[in-house]
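> See my_file.cif below, with mmCIF, C-alpha atoms and all ligand atoms.
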```cif
data_query
#
loop_
_atom_site.label_atom_id
_atom_site.label_comp_id
_atom_site.auth_asym_id
_atom_site.auth_seq_id
_atom_site.Cartn_x
_atom_site.Cartn_y
_atom_site.Cartn_z
CA CYS A 1 0.00 0.00 0.00
CA SER A 2 1.12 3.58 -0.50
CA ARG A 3 3.10 5.39 2.21
CA LYS A 4 0.02 7.50 3.07
CA ASN A 5 -2.14 4.42 3.74
CA ARG A 6 0.59 2.89 5.88
CA ASN A 7 0.64 6.04 8.01
CA ALA A 8 -3.16 6.06 8.15
CA ALA A 9 -2.97 2.64 9.80
CA LEU A 10 -1.02 4.00 12.79
CA HIS A 11 -3.45 6.16 14.74
CA PRO A 12 -1.64 8.57 17.09
CA LEU A 13 -3.72 7.44 20.06
CA TRP A 14 -2.71 3.81 19.89
CA GLN A 15 0.77 3.73 18.24
CA SER A 16 -0.21 0.27 17.01
CA PRO A 17 -1.92 -0.99 13.86
CA LEU A 18 -5.62 -0.22 13.91
CA THR A 19 -6.42 -3.75 12.76
CA ILE A 20 -4.26 -6.52 14.16
CA PRO A 21 -2.74 -8.84 11.53
CA GLY A 22 -4.98 -11.90 11.16
CA GLY A 23 -7.75 -10.21 13.19
CA THR A 24 -11.09 -11.72 12.17
CA ARG A 25 -13.28 -10.34 14.99
CA GLN A 26 -12.18 -6.77 15.67
CA SER A 27 -14.27 -4.03 17.30
CA PRO A 28 -15.96 -1.58 16.97
CA ILE A 29 -18.27 -2.22 14.01
CA ASN A 30 -21.21 -0.55 12.32
CA ILE A 31 -24.45 -2.33 13.29
CA GLN A 32 -26.66 -2.41 10.18
CA TRP A 33 -30.08 -2.83 11.82
CA ARG A 34 -31.68 -4.63 8.86
CA ASP A 35 -28.78 -7.13 8.63
CA SER A 36 -29.03 -8.13 12.29
CA VAL A 37 -30.73 -11.50 12.86
CA TYR A 38 -33.36 -11.95 15.59
CA ASP A 39 -32.39 -14.91 17.79
CA PRO A 40 -35.39 -16.18 19.79
CA PHE A 41 -33.05 -18.29 21.95
CA LEU A 42 -31.28 -15.23 23.36
CA LYS A 43 -32.21 -14.87 27.04
CA PRO A 44 -32.87 -11.59 28.84
CA LEU A 45 -29.69 -10.15 30.29
CA LYS A 46 -29.75 -10.27 34.11
CA ILE A 47 -27.72 -7.57 35.86
CA SER A 48 -27.06 -7.40 39.58
CA TYR A 49 -24.49 -4.87 40.76
CA ASP A 50 -23.59 -4.20 44.41
CA PRO A 51 -22.90 -0.43 44.63
CA THR A 52 -20.46 -0.96 47.53
CA THR A 53 -18.07 -2.89 45.24
CA CYS A 54 -17.16 0.47 43.67
CA LEU A 55 -13.52 1.42 44.41
CA HIS A 56 -12.19 4.52 42.58
CA ILE A 57 -12.11 6.61 39.43
CA TRP A 58 -8.83 6.53 37.47
CA ASN A 59 -7.70 8.63 34.48
CA ASN A 60 -5.52 6.10 32.63
CA GLY A 61 -4.63 8.42 29.75
CA TYR A 62 -7.16 6.82 27.34
CA SER A 63 -10.42 7.41 29.26
CA PHE A 64 -11.56 7.56 32.87
CA LEU A 65 -12.30 4.20 34.44
CA VAL A 66 -14.58 3.48 37.40
CA GLU A 67 -13.09 0.32 38.88
CA PHE A 68 -14.80 -2.31 41.02
CA ASP A 69 -13.73 -4.95 43.53
CA ASP A 70 -13.94 -8.10 41.38
CA SER A 71 -12.60 -10.50 44.05
CA THR A 72 -16.10 -11.97 44.61
CA ASP A 73 -19.33 -12.46 42.63
CA ARG A 74 -21.10 -9.45 44.16
CA SER A 75 -21.46 -7.50 40.88
CA ILE A 76 -22.32 -9.79 38.00
CA ILE A 77 -24.23 -10.22 34.77
CA VAL A 78 -25.71 -13.50 33.53
CA GLY A 79 -28.02 -14.67 30.72
CA GLY A 80 -28.28 -12.88 27.40
CA PRO A 81 -25.82 -14.57 24.99
CA LEU A 82 -23.58 -15.61 27.90
CA GLU A 83 -22.89 -19.24 28.91
CA ASN A 84 -21.58 -18.25 32.34
CA GLN A 85 -21.90 -15.36 34.76
CA TYR A 86 -19.37 -12.56 34.32
CA ARG A 87 -17.95 -10.24 36.99
CA LEU A 88 -17.90 -6.44 36.65
CA LYS A 89 -14.32 -5.08 36.64
CA GLN A 90 -14.68 -1.50 35.40
CA PHE A 91 -16.67 0.87 33.26
CA HIS A 92 -15.48 3.76 31.09
CA PHE A 93 -16.61 5.93 28.21
CA HIS A 94 -15.56 7.03 24.70
CA TRP A 95 -16.58 10.46 23.39
CA GLY A 96 -15.97 13.10 20.72
CA ALA A 97 -14.76 16.69 20.67
CA ILE A 98 -18.22 17.65 19.40
CA ASN A 99 -21.66 16.01 19.56
CA ASP A 100 -21.56 14.77 15.93
CA TRP A 101 -19.36 11.80 16.83
CA GLY A 102 -17.75 10.02 19.79
CA SER A 103 -19.26 6.54 20.04
CA GLU A 104 -17.21 3.50 18.99
CA HIS A 105 -20.06 1.46 17.54
CA THR A 106 -22.47 3.05 15.06
CA VAL A 107 -26.04 2.05 14.19
CA ASP A 108 -26.87 2.31 10.49
CA SER A 109 -23.69 4.44 10.26
CA LYS A 110 -24.99 6.92 12.84
CA PHE A 111 -22.54 8.05 15.54
CA TYR A 112 -23.69 8.95 19.05
CA PRO A 113 -21.81 11.65 21.01
CA ALA A 114 -20.53 9.05 23.49
CA GLU A 115 -20.61 5.36 24.44
CA LEU A 116 -20.41 3.64 27.85
CA HIS A 117 -18.60 0.30 28.22
CA LEU A 118 -19.22 -1.94 31.24
CA VAL A 119 -16.37 -4.49 31.24
CA HIS A 120 -16.94 -7.95 32.77
CA TRP A 121 -14.87 -11.15 32.85
CA ASN A 122 -15.67 -14.88 33.00
CA ALA A 123 -14.69 -15.73 36.58
CA VAL A 124 -16.33 -19.16 36.31
CA GLU A 125 -13.78 -20.44 33.77
CA TYR A 126 -10.74 -18.23 34.43
CA PRO A 127 -8.82 -17.34 37.63
CA SER A 128 -8.24 -13.66 36.79
CA PHE A 129 -9.09 -10.83 34.41
CA GLU A 130 -5.56 -11.07 32.98
CA GLU A 131 -6.19 -14.68 31.95
CA ALA A 132 -9.73 -13.99 30.71
CA VAL A 133 -8.48 -11.17 28.45
CA MET A 134 -6.66 -13.80 26.36
CA GLU A 135 -9.65 -16.15 25.86
CA GLY A 136 -12.36 -16.09 23.19
CA ASN A 137 -15.13 -16.20 25.82
CA GLY A 138 -13.18 -14.36 28.49
CA LEU A 139 -14.89 -10.96 28.48
CA ALA A 140 -18.37 -9.49 28.10
CA VAL A 141 -18.77 -5.75 27.52
CA ILE A 142 -22.14 -4.00 27.66
CA GLY A 143 -22.20 -0.96 25.36
CA VAL A 144 -24.68 1.85 26.02
CA PHE A 145 -25.02 4.82 23.65
CA LEU A 146 -25.28 8.33 25.13
CA LYS A 147 -27.39 10.90 23.30
CA LEU A 148 -27.84 14.62 23.94
CA GLY A 149 -30.97 15.33 25.94
CA ALA A 150 -32.05 15.65 29.54
CA ARG A 151 -29.52 15.82 32.37
CA HIS A 152 -28.75 12.36 33.78
CA GLU A 153 -29.00 12.61 37.58
CA GLY A 154 -27.22 9.29 38.20
CA LEU A 155 -24.29 10.29 35.97
CA GLN A 156 -23.98 13.65 37.73
CA THR A 157 -22.39 12.16 40.86
CA LEU A 158 -19.65 10.80 38.57
CA VAL A 159 -19.35 14.09 36.62
CA ASP A 160 -18.89 16.01 39.89
CA ALA A 161 -15.83 13.89 40.68
CA LEU A 162 -14.11 14.30 37.27
CA PRO A 163 -12.16 17.52 38.04
CA ALA A 164 -10.21 15.46 40.61
CA VAL A 165 -8.96 13.13 37.82
CA LYS A 166 -8.26 15.81 35.19
CA HIS A 167 -4.73 14.57 34.53
CA LYS A 168 -3.47 11.17 33.33
CA ASP A 169 -2.57 8.78 36.19
CA THR A 170 -4.71 10.52 38.79
CA VAL A 171 -7.11 8.49 40.98
CA ILE A 172 -9.88 9.46 43.34
CA GLU A 173 -11.67 7.25 45.81
CA PHE A 174 -15.28 6.61 44.77
CA ASP A 175 -16.81 4.11 47.08
CA VAL A 176 -20.54 3.88 46.35
CA PHE A 177 -21.99 3.91 42.86
CA ASP A 178 -24.58 1.70 41.19
CA PRO A 179 -23.78 1.50 37.46
CA SER A 180 -27.20 0.00 36.71
CA CYS A 181 -28.51 3.60 36.89
CA LEU A 182 -26.62 4.11 33.59
CA LEU A 183 -28.57 1.38 31.76
CA PRO A 184 -31.67 2.12 29.66
CA SER A 185 -34.86 0.46 30.94
CA CYS A 186 -35.48 -1.18 27.53
CA PRO A 187 -34.10 -4.76 27.57
CA ASP A 188 -33.38 -4.89 23.81
CA TYR A 189 -29.77 -5.46 22.65
CA TRP A 190 -27.59 -6.58 19.76
CA THR A 191 -24.76 -9.05 20.36
CA TYR A 192 -21.69 -10.12 18.35
CA ALA A 193 -18.21 -11.62 18.84
CA GLY A 194 -15.53 -8.90 18.94
CA SER A 195 -12.44 -7.51 20.59
CA LEU A 196 -11.04 -4.90 22.94
CA THR A 197 -11.02 -1.56 21.10
CA THR A 198 -7.67 -0.42 22.53
CA PRO A 199 -4.44 -2.39 22.88
CA PRO A 200 -4.04 -5.31 23.43
CA LEU A 201 -7.06 -5.51 21.00
CA THR A 202 -7.51 -9.16 22.02
CA GLU A 203 -10.46 -11.01 20.42
CA SER A 204 -11.99 -11.99 23.73
CA VAL A 205 -15.16 -9.88 23.96
CA THR A 206 -18.80 -10.89 23.66
CA TRP A 207 -20.31 -7.49 22.89
CA ILE A 208 -23.82 -6.69 24.16
CA ILE A 209 -24.91 -3.36 22.66
CA LYS A 210 -28.13 -1.86 24.10
CA LYS A 211 -30.56 -0.72 21.42
CA LYS A 212 -31.83 2.34 23.35
CA PRO A 213 -29.47 5.18 24.32
CA ILE A 214 -29.49 7.01 27.65
CA GLU A 215 -29.81 10.81 27.69
CA VAL A 216 -27.17 13.18 29.09
CA ASP A 217 -27.00 16.97 28.75
CA GLU A 218 -24.39 19.22 27.11
CA ASP A 219 -22.75 20.19 30.43
CA GLN A 220 -22.21 16.52 31.27
CA LEU A 221 -20.58 15.82 27.88
CA GLU A 222 -18.45 18.97 28.31
CA ALA A 223 -17.28 17.62 31.68
CA PHE A 224 -15.86 14.56 29.84
CA ARG A 225 -14.12 16.89 27.36
CA MET A 226 -12.29 18.86 30.03
CA LEU A 227 -10.33 15.77 31.04
CA LEU A 228 -6.75 15.52 29.73
CA PHE A 229 -4.78 12.77 27.99
CA THR A 230 -1.68 14.36 29.52
CA SER A 231 -0.10 14.24 32.96
CA ASP A 232 0.21 17.24 35.26
CA GLY A 233 3.08 19.45 34.05
CA GLU A 234 2.93 18.24 30.43
CA GLU A 235 1.54 20.41 27.62
CA GLU A 236 -2.25 19.96 27.95
CA LYS A 237 -4.06 17.75 25.41
CA ARG A 238 -7.84 17.54 25.92
CA MET A 239 -9.17 14.00 26.24
CA VAL A 240 -11.54 13.88 23.24
CA ASP A 241 -12.08 11.59 20.22
CA ASN A 242 -10.86 8.54 22.20
CA PHE A 243 -12.73 6.10 19.96
CA ARG A 244 -11.29 3.54 17.55
CA PRO A 245 -12.24 3.65 13.85
CA LEU A 246 -14.79 1.12 12.61
CA GLN A 247 -13.43 -2.35 11.82
CA PRO A 248 -14.53 -4.78 9.06
CA LEU A 249 -17.44 -7.08 9.95
CA MET A 250 -15.77 -9.98 8.07
CA ASP A 251 -17.53 -13.31 8.58
CA ARG A 252 -19.76 -12.22 11.51
CA THR A 253 -23.48 -11.95 12.13
CA VAL A 254 -24.95 -9.48 14.60
CA ARG A 255 -27.85 -11.05 16.49
CA SER A 256 -30.71 -9.09 18.06
CA SER A 257 -32.71 -9.98 21.16
CA PHE A 258 -35.76 -8.27 19.65
CA GLN A 259 -37.86 -8.48 16.47
C1 LIG A 301 -5.40 -5.83 29.11
C2 LIG A 301 -5.64 -5.49 30.56
C3 LIG A 301 -5.40 -6.26 31.67
CL1 LIG A 301 -4.78 -7.82 31.66
C4 LIG A 301 -5.79 -5.50 32.78
N1 LIG A 301 -5.76 -5.87 34.13
O1 LIG A 301 -6.14 -5.04 35.00
O2 LIG A 301 -5.38 -7.02 34.44
N2 LIG A 301 -6.25 -4.30 32.37
N3 LIG A 301 -6.12 -4.32 31.02
C5 LIG A 301 -6.46 -3.18 30.21
C6 LIG A 301 -7.91 -3.30 29.77
O3 LIG A 301 -8.75 -3.79 30.46
N4 LIG A 301 -8.12 -2.81 28.55
C7 LIG A 301 -9.35 -2.63 27.92
C8 LIG A 301 -9.29 -2.12 26.62
C9 LIG A 301 -10.45 -1.88 25.91
C10 LIG A 301 -11.67 -2.13 26.49
S1 LIG A 301 -13.11 -1.80 25.56
N5 LIG A 301 -13.05 -0.32 25.02
O4 LIG A 301 -14.24 -1.97 26.46
O5 LIG A 301 -13.07 -2.71 24.43
C11 LIG A 301 -11.76 -2.64 27.77
C12 LIG A 301 -10.57 -2.90 28.50
ZN ZN A 302 -14.33 1.00 25.73
#
```
Could you spell out this file's structure in structure tokens?

Amino acid sequence: CSRKNRNAALHPLWQSPLTIPGGTRQSPINIQWRDSVYDPFLKPLKISYDPTTCLHIWNNGYSFLVEFDDSTDRSIIVGGPLENQYRLKQFHFHWGAINDWGSEHTVDSKFYPAELHLVHWNAVEYPSFEEAVMEGNGLAVIGVFLKLGARHEGLQTLVDALPAVKHKDTVIEFDVFDPSCLLPSCPDYWTYAGSLTTPPLTESVTWIIKKKPIEVDEDQLEAFRMLLFTSDGEEEKRMVDNFRPLQPLMDRTVRSSFQ
């Protein structure tokens, strides 16, 4: 390929190829609604989170992560496309510099201004998250689209804490939060076999993408955008556009839990 294309493959944010060689199930993807296949055998997704398993908020230089104590089965999901129950480890977001883009997945090529990822791992079959990350059925990530609308009261407690993690590698204690307040009430979802969307890009994720978005207001999105990729003392770079480009669907089918 020409020099330009080769450069295009190395996105500044990840300093690694955007598609891993031999990758057949990379994420994110565009979800073409009419090509998704209704699967009547998909179960409802059951979510039970214990708000006291919340630990802290951490700016890791890619996004801000809310991390949970995953040493027991107190915050889990089960059902849906999953064979086992999966333990919540962390959730984080991806967003744009402006409201026209920001989500990782798209629906019929439409971007949302942001996307929430709740990251879980298969603690039934694997001893740790590190091991699960390397296995085809190791992880389950629930994706929730954020759209511009009414202020989200549950999100606000998180937004109020963000100034304390403005810089990369800062952490703040955050000891009670129930992430189920960030889920839409509609049970409908799409599901497909994919990967992590940042390095190590491992093909270990069962994606569960909620059909309905949640609403957040402009001030709440702006609060995400005032975070920095950079550490204290470095030249400031605003943390925006931290989403990976769309990846080829290849030989995959997206299933829907709804008709
Ligand atoms: C690889 C690894 C290990 Cl092992 C550990 N650990 O703590 O043991 N943490 N990480 C990092 C991690 O989780 N990355 C990650 C990347 C993308 C996503 S996304 N957007 O949801 O696809 C979710 C997570
Ligand atoms: Zn993510």
> Between A:Gly23, A:Leu162, A:His105, A:His167, which has the minimum distance to Arg244 in chain A (counting all atoms listed in the file)?
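Distance minimum relative to Arg244 in chain A lands on A:His105.
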> Using atom ZN of ligand ZN 302 (chain A) and CA of Lys43 in chain A as the two end points, give the distance in Å to one decimal.
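According to the coordinates, atom ZN of ligand ZN 302 (chain A) and CA of Lys43 in chain A are separated by 23.9 Å.
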> Set the distance at 12 Å and use all atoms listed in the file: which residues neighbour Glu234 in chain A once local chain neighbours fewer than 5 positions away are removed? I'd like the list as a PDB file with C-alpha atoms, in the coordinates of the input.

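And here is the file that came out, part-v2.pdb:
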```pdb
ATOM      1  CA  HIS A 167      -4.730  14.570  34.530  1.00  0.00           C
ATOM      2  CA  LYS A 168      -3.470  11.170  33.330  1.00  0.00           C
ATOM      3  CA  LEU A 228      -6.750  15.520  29.730  1.00  0.00           C
ATOM      4  CA  PHE A 229      -4.780  12.770  27.990  1.00  0.00           C
TER       5      PHE A 229
END
```
> Find the axis-aligned box for ligand LIG 301 (chain A), covering all its listed atoms and adding 8 Å on each side, and write its centre and edge lengths in Å to one decimal as lines of an AutoDock Vina configuration file.

```
center_x = -9.5
center_y = -4.1
center_z = 29.7
size_x = 25.5
size_y = 23.5
size_z = 26.6
```
> Determine the nearest neighbour of ligand ZN 302 (chain A) from the options A:Gln85, A:Thr157, A:Gln90, A:Ser75, counting all atoms listed in the file.
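With all atoms listed in the file as the atom set, the closest residue is A:Gln90.
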> Using only C-alpha atoms and all ligand atoms, which residues have at least one atom no more than 8 Å from ligand ZN 302 (chain A)? Output them as a PDB file with C-alpha atoms, in the coordinates of the input.

```pdb
ATOM      1  CA  PHE A  91     -16.670   0.870  33.260  1.00  0.00           C
ATOM      2  CA  HIS A  92     -15.480   3.760  31.090  1.00  0.00           C
ATOM      3  CA  PHE A  93     -16.610   5.930  28.210  1.00  0.00           C
ATOM      4  CA  HIS A  94     -15.560   7.030  24.700  1.00  0.00           C
ATOM      5  CA  GLU A 104     -17.210   3.500  18.990  1.00  0.00           C
ATOM      6  CA  GLU A 115     -20.610   5.360  24.440  1.00  0.00           C
ATOM      7  CA  LEU A 116     -20.410   3.640  27.850  1.00  0.00           C
ATOM      8  CA  HIS A 117     -18.600   0.300  28.220  1.00  0.00           C
ATOM      9  CA  LEU A 118     -19.220  -1.940  31.240  1.00  0.00           C
ATOM     10  CA  LEU A 196     -11.040  -4.900  22.940  1.00  0.00           C
ATOM     11  CA  THR A 197     -11.020  -1.560  21.100  1.00  0.00           C
ATOM     12  CA  THR A 198      -7.670  -0.420  22.530  1.00  0.00           C
ATOM     13  CA  PHE A 243     -12.730   6.100  19.960  1.00  0.00           C
TER      14      PHE A 243
END
```
